[in-house]
>>> print(open('start08.tsv').read())   # TSV, C-alpha atoms and all ligand atoms
chain	number	residue	atom	x	y	z
A	1	MET	CA	-25.65	45.63	-57.38
A	2	ARG	CA	-23.01	42.94	-57.88
A	3	LEU	CA	-20.70	44.65	-55.45
A	4	GLN	CA	-23.51	45.01	-52.94
A	5	ALA	CA	-24.43	41.33	-53.23
A	6	LEU	CA	-20.86	40.16	-52.78
A	7	ASP	CA	-20.49	42.51	-49.87
A	8	ALA	CA	-23.60	41.06	-48.28
A	9	ALA	CA	-22.26	37.53	-48.84
A	10	LEU	CA	-19.11	38.53	-47.01
A	11	ASP	CA	-21.16	40.05	-44.22
A	12	ARG	CA	-23.07	36.83	-43.90
A	13	ARG	CA	-19.83	34.97	-43.31
A	14	ALA	CA	-19.63	36.89	-40.06
A	15	HIS	CA	-22.07	34.39	-38.66
A	16	ASP	CA	-19.67	31.54	-39.43
A	17	VAL	CA	-16.90	33.49	-37.76
A	18	ARG	CA	-19.12	33.85	-34.73
A	19	GLU	CA	-18.81	30.23	-33.76
A	20	ARG	CA	-15.05	30.42	-33.74
A	21	VAL	CA	-14.94	33.75	-31.93
A	22	GLY	CA	-17.63	32.98	-29.40
A	23	THR	CA	-17.22	29.34	-28.63
A	24	ASP	CA	-13.57	28.60	-29.14
A	25	LEU	CA	-11.90	31.93	-28.55
A	26	ARG	CA	-14.28	33.55	-26.03
A	27	ALA	CA	-13.86	37.01	-27.52
A	28	VAL	CA	-17.53	38.01	-27.96
A	29	ASP	CA	-18.52	40.99	-25.81
A	30	HIS	CA	-22.22	41.41	-26.65
A	31	GLU	CA	-24.88	40.46	-29.18
A	32	GLY	CA	-26.64	42.63	-31.75
A	33	ALA	CA	-25.87	45.56	-34.03
A	34	LEU	CA	-27.89	48.68	-34.71
A	35	ALA	CA	-27.64	50.80	-37.84
A	36	VAL	CA	-29.05	54.24	-37.01
A	37	LEU	CA	-30.10	57.12	-39.22
A	38	GLU	CA	-28.72	60.57	-38.57
A	39	HIS	CA	-30.61	62.10	-41.48
A	40	VAL	CA	-34.26	61.66	-42.38
A	41	ASP	CA	-33.53	61.20	-46.07
A	42	GLY	CA	-31.33	58.15	-45.44
A	43	ALA	CA	-34.29	55.91	-44.65
A	44	GLU	CA	-34.51	54.57	-48.19
A	45	VAL	CA	-30.92	53.36	-48.15
A	46	LEU	CA	-31.57	51.39	-44.98
A	47	LEU	CA	-34.89	50.03	-46.20
A	48	ASP	CA	-33.30	48.92	-49.50
A	49	ARG	CA	-30.53	47.18	-47.60
A	50	GLN	CA	-33.06	45.49	-45.33
A	51	LYS	CA	-34.97	44.19	-48.38
A	52	LEU	CA	-31.85	43.09	-50.24
A	53	LEU	CA	-30.52	41.12	-47.27
A	54	ALA	CA	-33.88	39.48	-46.62
A	55	ARG	CA	-34.50	38.60	-50.28
A	56	HIS	CA	-31.10	37.22	-51.20
A	57	PHE	CA	-29.55	36.11	-47.95
A	58	GLY	CA	-32.40	35.37	-45.54
A	59	VAL	CA	-30.99	37.93	-43.08
A	60	ASP	CA	-33.61	39.45	-40.82
A	61	TRP	CA	-32.93	43.07	-39.90
A	62	GLN	CA	-35.73	44.62	-37.85
A	63	TRP	CA	-36.96	48.16	-38.49
A	64	LEU	CA	-36.98	50.34	-35.37
A	65	PRO	CA	-39.11	53.47	-35.70
A	66	GLN	CA	-37.84	56.58	-33.95
A	67	ALA	CA	-39.70	56.15	-30.64
A	68	GLN	CA	-38.50	52.57	-30.22
A	69	LEU	CA	-34.98	53.42	-31.28
A	70	ARG	CA	-34.74	56.27	-28.77
A	71	GLU	CA	-35.80	53.88	-26.03
A	72	GLN	CA	-32.70	51.85	-26.88
A	73	VAL	CA	-30.23	54.61	-27.79
A	74	ARG	CA	-30.95	57.80	-25.91
A	75	SER	CA	-29.86	60.38	-28.42
A	76	GLU	CA	-31.90	63.16	-30.01
A	77	ARG	CA	-29.83	62.88	-33.18
A	78	TYR	CA	-31.27	59.67	-34.48
A	79	HIS	CA	-34.39	59.16	-36.56
A	80	ASP	CA	-34.98	55.46	-37.17
A	81	GLY	CA	-32.83	52.36	-37.14
A	82	LEU	CA	-32.35	48.76	-38.19
A	83	PHE	CA	-31.57	46.10	-35.61
A	84	GLU	CA	-29.61	43.02	-36.57
A	85	PRO	CA	-30.19	40.54	-33.73
A	86	LYS	CA	-27.73	37.91	-34.96
A	87	ALA	CA	-24.78	40.29	-35.16
A	88	PHE	CA	-22.20	40.45	-32.41
A	89	HIS	CA	-19.24	42.54	-31.41
A	90	PHE	CA	-16.05	41.20	-30.02
A	91	HIS	CA	-12.63	41.95	-28.60
A	92	PRO	CA	-10.18	41.84	-31.53
A	93	LEU	CA	-7.04	41.37	-29.41
A	94	LYS	CA	-8.57	38.41	-27.58
A	95	TYR	CA	-9.53	37.06	-30.99
A	96	ALA	CA	-5.97	37.44	-32.34
A	97	ARG	CA	-4.52	35.85	-29.20
A	98	GLY	CA	-7.08	33.04	-29.38
A	99	ILE	CA	-6.09	32.27	-32.96
A	100	ALA	CA	-2.39	32.37	-32.00
A	101	THR	CA	-3.04	29.90	-29.16
A	102	ALA	CA	-5.03	27.61	-31.46
A	103	ALA	CA	-2.23	27.76	-34.06
A	104	GLY	CA	0.35	27.01	-31.34
A	105	ALA	CA	-1.65	23.97	-30.28
A	106	LEU	CA	-1.36	22.70	-33.86
A	107	GLY	CA	2.43	22.96	-33.65
A	108	LEU	CA	2.88	26.29	-35.45
A	109	THR	CA	5.42	28.83	-34.27
A	110	LEU	CA	4.63	32.53	-34.63
A	111	HIS	CA	7.50	35.00	-34.88
A	112	GLU	CA	6.47	38.46	-33.74
A	113	HIS	CA	8.66	41.52	-34.30
A	114	SER	CA	10.32	40.00	-37.36
A	115	PRO	CA	9.37	42.10	-40.37
A	116	ALA	CA	9.85	40.60	-43.81
A	117	ILE	CA	12.05	43.07	-45.64
A	118	ALA	CA	12.57	41.27	-48.98
A	119	LEU	CA	10.87	38.53	-50.95
A	120	GLN	CA	12.49	36.68	-53.82
A	121	ARG	CA	11.69	33.67	-55.98
A	122	ASP	CA	14.71	31.41	-56.28
A	123	ARG	CA	14.61	28.02	-58.08
A	124	GLY	CA	10.98	27.34	-57.26
A	125	ILE	CA	11.17	28.47	-53.65
A	126	TRP	CA	10.37	31.77	-51.93
A	127	ARG	CA	13.13	33.42	-49.90
A	128	ILE	CA	12.00	35.88	-47.25
A	129	THR	CA	14.61	38.10	-45.67
A	130	THR	CA	14.19	39.39	-42.12
A	131	PRO	CA	16.57	41.73	-40.24
A	132	THR	CA	18.26	38.72	-38.63
A	133	GLY	CA	18.08	35.97	-41.21
A	134	GLU	CA	16.32	34.28	-44.08
A	135	VAL	CA	13.35	31.94	-44.32
A	136	GLU	CA	12.59	29.58	-47.20
A	137	ALA	CA	8.96	28.87	-47.99
A	138	GLU	CA	7.06	26.87	-50.56
A	139	THR	CA	4.09	29.21	-50.25
A	140	VAL	CA	3.73	32.82	-49.10
A	141	VAL	CA	0.56	34.72	-48.19
A	142	LEU	CA	0.82	38.51	-48.12
A	143	ALA	CA	-1.73	39.88	-45.63
A	144	CYS	CA	-0.21	43.15	-44.54
A	145	GLY	CA	-3.23	45.47	-44.66
A	146	GLY	CA	-2.67	49.22	-44.60
A	147	TYR	CA	0.77	48.75	-43.06
A	148	LEU	CA	2.06	47.73	-46.53
A	149	ALA	CA	4.40	44.80	-46.90
A	150	GLY	CA	7.02	46.73	-48.84
A	151	LEU	CA	7.77	43.48	-50.66
A	152	ARG	CA	6.00	43.80	-54.02
A	153	ARG	CA	5.41	47.12	-55.64
A	154	PRO	CA	2.12	46.23	-57.44
A	155	VAL	CA	0.67	44.87	-54.17
A	156	ASP	CA	1.46	48.02	-52.18
A	157	ALA	CA	0.48	50.23	-55.10
A	158	ALA	CA	-3.00	48.66	-55.18
A	159	VAL	CA	-4.12	49.97	-51.79
A	160	LEU	CA	-4.39	53.29	-49.99
A	161	PRO	CA	-3.58	53.16	-46.28
A	162	ILE	CA	-6.42	55.06	-44.62
A	163	ALA	CA	-6.58	55.89	-40.91
A	164	THR	CA	-9.55	55.62	-38.57
A	165	TYR	CA	-9.74	56.55	-34.90
A	166	VAL	CA	-10.92	54.95	-31.66
A	167	MET	CA	-11.12	55.93	-27.99
A	168	VAL	CA	-12.37	54.27	-24.80
A	169	THR	CA	-14.06	56.06	-21.90
A	170	GLU	CA	-13.61	55.34	-18.23
A	171	PRO	CA	-16.17	52.82	-16.82
A	172	LEU	CA	-19.57	54.54	-16.96
A	173	GLY	CA	-21.29	52.36	-14.36
A	174	ALA	CA	-24.99	53.28	-14.11
A	175	ARG	CA	-24.44	56.17	-16.57
A	176	MET	CA	-24.30	53.59	-19.36
A	177	ASP	CA	-28.06	53.20	-19.04
A	178	GLU	CA	-28.47	56.96	-19.45
A	179	ILE	CA	-27.17	56.66	-23.01
A	180	MET	CA	-27.96	53.10	-24.07
A	181	ARG	CA	-30.44	50.50	-22.93
A	182	THR	CA	-29.20	48.05	-25.55
A	183	ARG	CA	-25.83	46.31	-25.46
A	184	ALA	CA	-25.70	46.14	-29.26
A	185	ALA	CA	-22.95	47.83	-31.26
A	186	VAL	CA	-24.18	50.99	-33.01
A	187	TYR	CA	-23.14	52.75	-36.23
A	188	ASP	CA	-24.78	55.54	-38.15
A	189	THR	CA	-25.31	55.69	-41.88
A	190	ARG	CA	-23.28	58.75	-42.78
A	191	PHE	CA	-20.23	58.37	-45.04
A	192	ALA	CA	-17.67	58.93	-42.26
A	193	PHE	CA	-19.82	57.35	-39.60
A	194	ASP	CA	-19.61	57.10	-35.80
A	195	TYR	CA	-19.36	53.53	-34.53
A	196	TYR	CA	-19.47	52.60	-30.87
A	197	ARG	CA	-20.14	49.74	-28.52
A	198	PRO	CA	-20.59	49.22	-24.80
A	199	LEU	CA	-17.87	47.03	-23.29
A	200	PRO	CA	-18.71	44.42	-20.63
A	201	ASP	CA	-17.11	46.57	-17.89
A	202	THR	CA	-19.39	49.55	-18.81
A	203	ARG	CA	-16.72	51.52	-20.68
A	204	LEU	CA	-17.84	52.91	-24.03
A	205	LEU	CA	-15.62	52.24	-27.05
A	206	TRP	CA	-16.14	55.04	-29.55
A	207	GLY	CA	-14.77	55.08	-33.10
A	208	GLY	CA	-15.14	57.30	-36.08
A	209	ARG	CA	-13.76	59.34	-38.95
A	210	ILE	CA	-11.60	58.28	-41.84
A	211	SER	CA	-8.63	60.25	-43.01
A	212	VAL	CA	-5.33	59.89	-44.79
A	213	LEU	CA	-3.70	61.19	-41.57
A	214	GLN	CA	-2.57	59.09	-38.64
A	215	ARG	CA	-3.00	61.34	-35.59
A	216	SER	CA	-1.56	61.51	-32.10
A	217	PRO	CA	-3.67	60.00	-29.27
A	218	GLU	CA	-4.30	63.55	-27.93
A	219	SER	CA	-5.66	64.77	-31.23
A	220	VAL	CA	-7.77	61.60	-31.75
A	221	GLU	CA	-9.23	62.12	-28.28
A	222	ARG	CA	-10.02	65.78	-28.98
A	223	LEU	CA	-11.83	65.01	-32.25
A	224	LEU	CA	-13.74	61.95	-31.07
A	225	TYR	CA	-14.75	63.54	-27.77
A	226	ARG	CA	-16.45	66.29	-29.73
A	227	ASP	CA	-18.20	63.72	-31.93
A	228	MET	CA	-19.34	61.72	-28.90
A	229	LEU	CA	-20.83	64.79	-27.18
A	230	LYS	CA	-22.83	65.64	-30.32
A	231	VAL	CA	-24.60	62.30	-29.93
A	232	PHE	CA	-24.56	61.97	-26.14
A	233	PRO	CA	-24.26	65.40	-24.45
A	234	GLN	CA	-25.06	63.47	-21.25
A	235	LEU	CA	-21.43	62.28	-21.25
A	236	ARG	CA	-19.83	65.72	-20.83
A	237	GLY	CA	-16.97	65.43	-18.33
A	238	VAL	CA	-16.41	61.71	-18.82
A	239	ARG	CA	-12.73	60.79	-18.76
A	240	ILE	CA	-11.10	59.07	-21.73
A	241	GLU	CA	-8.76	56.20	-20.84
A	242	HIS	CA	-7.22	55.48	-24.24
A	243	ALA	CA	-7.27	56.90	-27.75
A	244	TRP	CA	-5.48	55.63	-30.84
A	245	SER	CA	-5.47	55.53	-34.60
A	246	GLY	CA	-4.70	52.68	-36.98
A	247	LEU	CA	-4.52	51.99	-40.69
A	248	MET	CA	-6.84	50.10	-42.99
A	249	SER	CA	-6.20	49.26	-46.64
A	250	TYR	CA	-8.62	50.44	-49.33
A	251	ALA	CA	-8.67	49.41	-52.99
A	252	ARG	CA	-9.99	51.71	-55.70
A	253	HIS	CA	-12.80	49.26	-56.46
A	254	GLN	CA	-13.60	49.17	-52.69
A	255	MET	CA	-13.52	45.36	-52.55
A	256	PRO	CA	-11.06	43.06	-50.80
A	257	GLN	CA	-8.24	41.71	-52.94
A	258	ILE	CA	-8.09	37.96	-52.37
A	259	GLY	CA	-6.34	35.38	-54.52
A	260	ARG	CA	-3.17	34.02	-56.11
A	261	ILE	CA	-0.92	36.61	-57.74
A	262	ASP	CA	2.11	34.48	-58.67
A	263	ASP	CA	3.37	30.90	-58.29
A	264	GLU	CA	2.61	29.96	-54.67
A	265	LEU	CA	2.16	33.63	-53.78
A	266	TRP	CA	-1.22	34.61	-52.30
A	267	LEU	CA	-2.78	37.88	-51.29
A	268	ALA	CA	-5.48	39.00	-48.83
A	269	GLN	CA	-5.76	42.77	-48.36
A	270	ALA	CA	-8.01	45.82	-48.85
A	271	PHE	CA	-10.47	45.01	-46.06
A	272	GLY	CA	-11.07	48.69	-45.27
A	273	GLY	CA	-14.82	49.32	-45.11
A	274	HIS	CA	-15.48	45.58	-44.74
A	275	GLY	CA	-13.86	44.83	-41.39
A	276	VAL	CA	-12.61	41.83	-39.51
A	277	ALA	CA	-15.18	39.18	-40.50
A	278	PRO	CA	-14.15	38.96	-44.17
A	279	THR	CA	-10.47	38.74	-43.19
A	280	THR	CA	-11.32	35.46	-41.47
A	281	TYR	CA	-13.28	34.34	-44.51
A	282	ALA	CA	-10.29	35.18	-46.73
A	283	GLY	CA	-8.01	33.20	-44.41
A	284	ASP	CA	-10.28	30.16	-44.68
A	285	LEU	CA	-10.55	30.53	-48.43
A	286	ILE	CA	-6.81	30.81	-49.02
A	287	ALA	CA	-6.01	28.00	-46.56
A	288	SER	CA	-8.37	25.62	-48.33
A	289	ALA	CA	-7.04	26.76	-51.73
A	290	ILE	CA	-3.46	25.98	-50.66
A	291	ALA	CA	-4.24	22.76	-48.80
A	292	GLU	CA	-7.03	21.31	-50.94
A	293	GLY	CA	-6.99	23.13	-54.27
A	294	ASP	CA	-10.29	24.88	-53.48
A	295	GLU	CA	-11.03	27.24	-56.38
A	296	ARG	CA	-13.59	29.55	-54.74
A	297	TRP	CA	-11.02	32.34	-54.47
A	298	ARG	CA	-11.54	32.86	-58.21
A	299	GLU	CA	-14.91	34.48	-57.39
A	300	PHE	CA	-12.85	37.53	-56.40
A	301	ALA	CA	-10.96	37.64	-59.71
A	302	ASP	CA	-12.84	40.76	-60.87
A	303	TYR	CA	-11.43	42.69	-57.92
A	304	GLY	CA	-7.72	42.49	-58.59
A	305	LEU	CA	-4.68	44.69	-58.20
A	306	VAL	CA	-5.81	48.00	-59.63
A	307	SER	CA	-3.45	50.90	-58.97
A	308	ALA	CA	-4.65	53.18	-56.18
A	309	LEU	CA	-2.98	56.08	-58.05
A	310	LYS	CA	-0.76	57.18	-55.21
A	311	PRO	CA	0.09	59.89	-54.31
A	312	ALA	CA	-2.82	61.52	-56.18
A	313	GLY	CA	-5.09	58.82	-54.71
A	314	PHE	CA	-4.45	60.22	-51.21
A	315	VAL	CA	-5.51	63.69	-52.29
A	316	GLY	CA	-8.56	62.27	-54.08
A	317	ALA	CA	-9.53	60.15	-51.07
A	318	GLN	CA	-9.14	63.04	-48.61
A	319	MET	CA	-11.09	65.39	-50.89
A	320	SER	CA	-13.94	62.92	-51.24
A	321	TYR	CA	-14.01	62.36	-47.43
A	322	TRP	CA	-14.13	66.11	-46.90
A	323	TRP	CA	-16.80	66.51	-49.56
A	324	ALA	CA	-18.89	63.71	-47.99
A	325	GLY	CA	-18.32	65.34	-44.58
A	326	ILE	CA	-19.44	68.71	-45.92
A	327	LYS	CA	-22.59	67.14	-47.40
A	328	ASP	CA	-23.36	65.44	-44.06
A	329	ALA	CA	-22.75	68.69	-42.15
A	330	TRP	CA	-24.96	70.57	-44.62
A	331	LYS	CA	-27.79	68.04	-44.13
A	332	ASP	CA	-27.30	68.36	-40.36
A	333	LEU	CA	-27.67	72.11	-40.51
A	334	ALA	CA	-30.66	72.02	-42.85
A	335	GLU	CA	-32.51	69.49	-40.69
A	336	ARG	CA	-31.76	71.22	-37.41
A	337	GLN	CA	-32.90	74.58	-38.78
A	338	GLY	CA	-35.96	73.22	-40.52
A	401	LIG	C1	-8.91	52.09	-35.40
A	401	LIG	C2	-9.59	50.98	-36.19
A	401	LIG	C3	-10.88	50.59	-35.86
A	401	LIG	C4	-11.49	49.55	-36.56
A	401	LIG	N1	-12.74	49.14	-36.16
A	401	LIG	C5	-13.30	48.07	-36.77
A	401	LIG	C6	-14.56	47.57	-36.32
A	401	LIG	O1	-15.19	48.12	-35.40
A	401	LIG	N2	-15.07	46.49	-36.94
A	401	LIG	C7	-14.41	45.85	-37.96
A	401	LIG	O2	-14.90	44.82	-38.46
A	401	LIG	N3	-13.21	46.32	-38.42
A	401	LIG	C8	-12.65	47.41	-37.85
A	401	LIG	N4	-11.46	47.90	-38.31
A	401	LIG	C9	-10.88	47.32	-39.55
A	401	LIG	C10	-10.10	46.04	-39.28
A	401	LIG	O3	-9.20	46.25	-38.23
A	401	LIG	C11	-9.37	45.63	-40.55
A	401	LIG	O4	-10.32	45.45	-41.59
A	401	LIG	C12	-8.62	44.35	-40.36
A	401	LIG	O5	-7.75	44.42	-39.27
A	401	LIG	C13	-7.79	44.06	-41.59
A	401	LIG	O6	-7.07	42.88	-41.34
A	401	LIG	P1	-5.73	42.56	-42.10
A	401	LIG	O7	-5.26	41.25	-41.58
A	401	LIG	O8	-5.93	42.72	-43.58
A	401	LIG	O9	-4.72	43.73	-41.71
A	401	LIG	P2	-4.14	44.14	-40.29
A	401	LIG	O10	-5.03	43.71	-39.17
A	401	LIG	O11	-3.78	45.58	-40.41
A	401	LIG	O12	-2.82	43.25	-40.18
A	401	LIG	C14	-1.71	43.44	-41.07
A	401	LIG	C15	-0.45	42.98	-40.33
A	401	LIG	O13	0.63	42.86	-41.25
A	401	LIG	C16	1.80	43.29	-40.59
A	401	LIG	N5	2.84	43.62	-41.61
A	401	LIG	C17	2.81	44.59	-42.54
A	401	LIG	N6	3.93	44.55	-43.30
A	401	LIG	C18	4.68	43.53	-42.82
A	401	LIG	C19	5.97	42.99	-43.18
A	401	LIG	N7	6.69	43.48	-44.19
A	401	LIG	N8	6.45	41.94	-42.46
A	401	LIG	C20	5.73	41.41	-41.43
A	401	LIG	N9	4.50	41.87	-41.04
A	401	LIG	C21	3.99	42.93	-41.73
A	401	LIG	C22	1.35	44.50	-39.80
A	401	LIG	O14	2.26	44.77	-38.76
A	401	LIG	C23	-0.01	43.99	-39.27
A	401	LIG	O15	0.14	43.32	-38.05
A	401	LIG	C24	-10.81	48.94	-37.65
A	401	LIG	C25	-9.54	49.37	-38.01
A	401	LIG	C26	-8.92	50.38	-37.29
A	401	LIG	C27	-7.54	50.81	-37.70
>>> encode(input="start08.tsv", output="structure tokens", more="lines below")
Ligand SMILES: Cc1cc2nc3c(=O)[nH]c(=O)nc-3n(C[C@H](O)[C@H](O)[C@H](O)COP(=O)(O)OP(=O)(O)OC[C@H]3O[C@@H](n4cnc5c(N)ncnc54)[C@H](O)[C@@H]3O)c2cc1C
Amino acid sequence: MRLQALDAALDRRAHDVRERVGTDLRAVDHEGALAVLEHVDGAEVLLDRQKLLARHFGVDWQWLPQAQLREQVRSERYHDGLFEPKAFHFHPLKYARGIATAAGALGLTLHEHSPAIALQRDRGIWRITTPTGEVEAETVVLACGGYLAGLRRPVDAAVLPIATYVMVTEPLGARMDEIMRTRAAVYDTRFAFDYYRPLPDTRLLWGGRISVLQRSPESVERLLYRDMLKVFPQLRGVRIEHAWSGLMSYARHQMPQIGRIDDELWLAQAFGGHGVAPTTYAGDLIASAIAEGDERWREFADYGLVSALKPAGFVGAQMSYWWAGIKDAWKDLAERQG
């Protein structure tokens, strides 16, 4: 319950992020998000979540019974859904570039392609080594996600890098309306869920699966194409423009790790399963802690650096993904036969 409540609080911060993303950085693509049910017996989970969010956080998610949902998302696979009107989906690269431009305007210089390869504390100062030189810093924030900083063993040891996959179709034009009448982002409620969103130029961005394996673009495309056709057989023959995989960081306690871990050394990682919005929240939290002594980061103290038990953790994670996948497939089969 505690984890769920904190998670919901983080979700709610998405609405604060919205102002920055939408107004200043112009990265918002469309409004709204839809959680859809692939299995009949998932309804309770969604209804509980709807109640929890309304009761504790004043968030209004609207129940969409099957007939209404299928008007919006034209797939036979879905039962009912929850619509979150205040959600939004946005272009993460535009967002990153927007933040870089805003930082530049404040006089900051960003150095791309300069990996930090060592970090040492030396007479009250941090020394960061790069392939071409050294930087001295009063304060360091490690925010290296699933790509692992390689700078502090306990920090890297506390997360599992887990891959997820995305592809983008060619522009669908009028065919977009054959599959979706809404422009909301959609995700289903299975463990390894499909997530997709219509882009402003009528391409469909389709994501899904979690795995310990990074895959080639060809293999990502093959897997996701199959998944997409299960939901929208109408799209058979559609060309895929891009496919890729990337890494997220997961902690064993499934919460982000945010806070101070040494003198003037801060951490923000393990956002896998939580997404981009809480990363922005963590950035705000750590910035105000460093600049103003804000102590709110301590609220995350219970979710610290717990070993992810690598390499056994990888095996455990993959087994539990497979097991969850098998359970989902079993439910699929049972429902489609019965
Ligand atoms: C394919 C994919 C789809 C996703 N879809 C969604 C989605 O639809 N919605 C959503 O909310 N979230 C989504 N996510 C999750 C989201 O991208 C992450 O939660 C978020 O990016 C985490 O942010 P971060 O800053 O912690 O890590 P990252 O964004 O991974 O950034 C970490 C950075 O640290 C750099 N780095 C690592 N080590 C070093 C070093 N030693 N020196 C210098 N730099 C270093 C890396 O190069 C990287 O640029 C998706 C993730 C993936 C991979």
>>> residues_around(input="start08.tsv", residues="Val238 of chain A", least_positions_apart="3", cutoff="8 Å", atoms="only C-alpha atoms", output="list in words")
Thr169, Glu170 and Leu235 of chain A
>>> closest_residue(input="start08.tsv", among="A:Val45, A:Ala277, A:Val155, A:Leu309", to="ligand LIG 401 (chain A)", atoms="only C-alpha atoms and all ligand atoms")
A:Ala277
>>> closest_residue(input="start08.tsv", among="A:Glu112, A:Asp302, A:Asp177, A:Asp201", to="ligand LIG 401 (chain A)", atoms="all atoms listed in the file")
A:Glu112
>>> closest_residue(input="start08.tsv", among="A:Leu265, A:Ala163, A:Ala137, A:Ala100", to="ligand LIG 401 (chain A)", atoms="all atoms listed in the file")
A:Ala163
>>> residues_near_ligand(input="start08.tsv", ligand="ligand LIG 401 (chain A)", cutoff="9 Å", atoms="all atoms listed in the file", output="ChimeraX atom specification")
/A:89-90,92,112-118,130,142-151,162-167,185,195-197,207-208,244-249,256,268-280,283
>>> atom_distance(input="start08.tsv", atom1="atom CA of Asp156 of chain A", atom2="atom CA of Leu267 of chain A")
11.0 Å
>>> closest_residue(input="start08.tsv", among="A:Gln318, A:Thr101, A:Thr129, A:Gln66", to="Ala192 of chain A", atoms="only C-alpha atoms")
A:Gln318
>>> residues_around(input="start08.tsv", residues="Glu178 of chain A", least_positions_apart="5", cutoff="12 Å", atoms="all atoms listed in the file", output="list in words")
Arg70, Glu71, Gln72, Val73, Arg74, Ser75, Leu172, Gly173, Thr202, Phe232, Pro233, Gln234 and Leu235 of chain A
>>> atom_distance(input="start08.tsv", atom1="atom CA of Gln62 of chain A", atom2="atom CA of Met255 of chain A")
26.6 Å
>>> closest_residue(input="start08.tsv", among="A:Trp63, A:Phe191, A:Phe83, A:Trp266", to="Arg152 of chain A", atoms="all atoms listed in the file")
A:Trp266
>>> axis_aligned_box(input="start08.tsv", around="segment 235-250 of chain A", padding_each_side="4 Å", output="JSON")
{"center_x": -13.0, "center_y": 57.5, "center_z": -33.8, "size_x": 24.9, "size_y": 24.5, "size_z": 39.0}
>>> atom_distance(input="start08.tsv", atom1="atom CA of Glu264 of chain A", atom2="atom CA of Thr132 of chain A")
24.1 Å
>>> residues_around(input="start08.tsv", residues="Gly304 of chain A", least_positions_apart="3", cutoff="8 Å", atoms="all atoms listed in the file", output="PyMOL selection string")
chain A and resi 257-258+300-301
>>> closest_residue(input="start08.tsv", among="A:Asp294, A:Glu76, A:Asp48, A:Glu241", to="Glu218 of chain A", atoms="only C-alpha atoms")
A:Glu241
>>> residues_around(input="start08.tsv", residues="Pro311 of chain A", least_positions_apart="5", cutoff="12 Å", atoms="all atoms listed in the file", output="mmCIF file with C-alpha atoms, in the frame of the given file")
data_model
loop_
_atom_site.group_PDB
_atom_site.id
_atom_site.type_symbol
_atom_site.label_atom_id
_atom_site.label_comp_id
_atom_site.auth_asym_id
_atom_site.auth_seq_id
_atom_site.Cartn_x
_atom_site.Cartn_y
_atom_site.Cartn_z
ATOM 1 C CA ALA A 157 0.480 50.230 -55.100
ATOM 2 C CA ALA A 158 -3.000 48.660 -55.180
ATOM 3 C CA VAL A 159 -4.120 49.970 -51.790
ATOM 4 C CA LEU A 160 -4.390 53.290 -49.990
ATOM 5 C CA PRO A 161 -3.580 53.160 -46.280
ATOM 6 C CA VAL A 212 -5.330 59.890 -44.790
ATOM 7 C CA GLY A 316 -8.560 62.270 -54.080
ATOM 8 C CA ALA A 317 -9.530 60.150 -51.070
ATOM 9 C CA GLN A 318 -9.140 63.040 -48.610
#
>>> residues_around(input="start08.tsv", residues="Asp263 of chain A", least_positions_apart="4", cutoff="10 Å", atoms="all atoms listed in the file", output="list of chain:residue names")
A:Arg121, A:Gly124, A:Ile125, A:Trp126, A:Glu138, A:Thr139, A:Val140
>>> residues_near_point(input="start08.tsv", point="(-35.1, 55.9, -37.5)", cutoff="12 Å", atoms="all atoms listed in the file", output="PyMOL selection string")
chain A and resi 34-47+62-73+75-83+188-189
